[in-house]
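**Q** Let me give you the structure first, and then I'll get to my questions.
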Amino acid sequence: MRRFLLLAIPCAWALTAPLAAQQSLSLTLERTISLANDSSLEAFRTKNMYLAGYWEYRAYRANRLPSLTLNLTPAQYNRTISRRYDSEQDVDVYRKEQSFFASGNLAVRQNFDLTGGTFYIDTQLGYLRNVGSGKGTQFNATPIRLGYSQSLVGYNAFRWERKIEPLKFEKVKLEYIYHAEQVAEQATASFFTLAMAQAEYDLARENVVSTDTLYRIGMQRQKIAAISRADLLTLHLDLVNARNTFQNAQSSLKRAMFSLASFLNMPKETHLELQLPSRLRPMTISVDGALTAARANNPTLLGLRQGILEAEQTVDRTRKESRFNASIEASIGFNQVAGSLGGAYRHPIQQDMVALSLSIPLVDWGVRKGRYNMARNNLNVVQISARQSELSLEEEVIMTVNDFNVQQALVLSAQEALDLSIMAYNETRQRFIIGKADISSLTLSLNRQQEAQRNYIASMRTYWLNYYKIRRLTLHDFATGFSLSEKFDYNK
């Protein structure tokens, strides 16, 4: 009884080349999926997409920490003629000027998410040397200065980043797992495509042997008038058709094996031996449980939440920009100027600065109002689209889970049909050999066996595709009861 087949027949190109010249690899479905997630080009693309999102989140986190910046102007030389006021003559005159300037500034800045402002502490030193009639050297030092800048009624980008960026990174992590399960689906489809091609090849090869034997038996029986010439011609036609089918099966097997090897990023001449899963995983998945897992884990839903937040962010920005803007900057520190470096740091005087800035739109012909209305309408569109996408996802989860639960019984039925078809064909073949069955019964029995074989592999393919599709949609392993996101561990 061939309930579970070891698909290890050499591929078509091995008929003309030594097997020793090929790299042979035995694959189960689980091993195929593991190789696909480790070595395929699609897996490589998925890993790089995750790393891009990871470093974007690292940049966001780094922007929340204090930054230390050194700004330098090592050398600046000016030689020009400029207009100056001569107080003695009470006229403007042109004068030649030559100067050398250098400066440095060391600043620590810290963004404050709650208000959207920025604190800073800095120190600065400048050097100026005039060349010409007004020769002289000056140093300007600011030993320390503490300041704060803040938009009073404006848009707070820091607060929105605090909401959106962690959500974006969580989506990136879930998308990495999602794409890994998508690769598992693709690997499963390619695996069973090759399995079907291998089964067709096996059946075609056996059919050539069987029809050749039956044709020879028919020639012997026709000599003693045990069968008619029409039946002998039918046996001959079956042999010719079987050989043609075998040639087509060779070509299909070669393409399917090449396709799977290419998907797994293996040498194209690799000879793959496939072993079908020996047992199904008896389980019934709850629709409610699958929907709960999908709502918690599916990155599409997180992407919808992100889209709504970004649309709300745009509404907030355009609404506040449509009104007047006000900002304030204040600082307190010390500075001094002297002809020597040491003198610039002695007896510094207090330096205070407070600045209030206002920007009031008077006439803009409705531009700001139009931008705000566009942003608000876009938010409504995004919310409606998100709800539609959520309903579509829920429908897909429900249908896939129902198909999976039904498919288990169909696989068992297909196994039973395959066993019965094999026994029926063997019995009919023996009856034909001893003259108790006609050619039509034999052909019908063979066709039923081939159809049962195809149905069995097709039902297995559908079962496993549904299983991995459910894992992709929910990011939940129902065999173990764990969420795939809980086991997430990416080693960079």
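Ligands are numbered from 1 in the order shown, residues from 1 within each chain, and chains are lettered A, B, ... in the order they appear in the structure tokens.
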Please provide the set of residues having any atom within 12 Å of range 102-110 of chain A, restricted to only C-alpha atoms, with same-chain residues fewer than 3 positions apart removed, written as a PyMOL selection string.
**A** chain A and resi 62-78+99+113+116-129+137-149+158
**Q** Env of Leu418 in chain A: 7 Å cut, atoms = only C-alpha atoms, seq-sep filter 4 positions within chain, self excluded. Answer as a list in words.
**A**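 Using only C-alpha atoms, the neighbours found are Ala414, Ile422, Gln449, Ala452, Gln453 and Tyr456 of chain A.
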**Q** Can you list, as a VMD selection string, every protein, DNA or RNA residue that comes within 12 Å of Arg216 in chain A when you count only C-alpha atoms, leaving out same-chain residues fewer than 6 positions away?
**A** chain A and resid 209 to 210 222 to 223 232 to 233 235 to 236 239 433
**Q** Between CA of Gln198 in chain A and CA of Lys254 in chain A, measure the distance and give it in Å to one decimal.
**A** 9.4 Å
**Q** Which value, in Å to one decimal, gives the distance between CA of Ile384 in chain A and CA of Pro299 in chain A?
**A**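 About the pair CA of Ile384 in chain A and CA of Pro299 in chain A: they are 18.1 Å apart.
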**Q** Select from range 177-274 of chain A everything DSSP, run on the backbone, classes as helix (DSSP H, G or I), then give the selection as a PyMOL selection string.
**A** chain A and resi 177-223+229-263
**Q** To one decimal place in Å, what is the distance between CA of Tyr201 in chain A and CA of Ala249 in chain A?
**A**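 Separating CA of Tyr201 in chain A from CA of Ala249 in chain A is a distance of 5.0 Å.
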**Q** With only C-alpha atoms as the atoms that count, which of A:Gly218, A:Gly53, A:Gly154, A:Pro277 lies nearest to Thr28 in chain A?
**A**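 Ranking A:Gly218, A:Gly53, A:Gly154, A:Pro277 by distance to Thr28 in chain A, first place goes to A:Pro277.
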**Q** Got a sec to tell me which of range 207-438 of chain A DSSP assigns to strand (DSSP E or B), as a PyMOL selection string?
**A** chain A and resi 271-275+325-338+349-359
**Q** Fewer than 6 positions away in the same chain doesn't count, so skip those; otherwise give me all residues within 10 Å of Gln247 in chain A, counting only C-alpha atoms, as number ranges by chain.
**A** A: 12, 201, 204-205, 241, 253
**Q** Excluding Leu280 in chain A and any residue of its chain fewer than 2 positions from it, enumerate the residues within 10 Å of it, using only C-alpha atoms, and give them as a list in words.
**A**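 In the requested format, the answer is Pro277, Ser278, Pro282, Met283, Gln408, Val411, Leu412, Met460, Tyr463 and Trp464 of chain A.
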**Q** From the set A:Ile177, A:Leu304, A:Ile439, A:Leu358, which residue has the shortest atom-to-atom contact distance to Thr234 in chain A, counting only C-alpha atoms?
**A** A:Ile439
**Q** Between A:Ala59, A:Leu446, A:Ala187, A:Ile217, which is the closest to Ser39 in chain A once you count only C-alpha atoms?
**A**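 Using only C-alpha atoms, the shortest distance to Ser39 in chain A belongs to A:Ala187.
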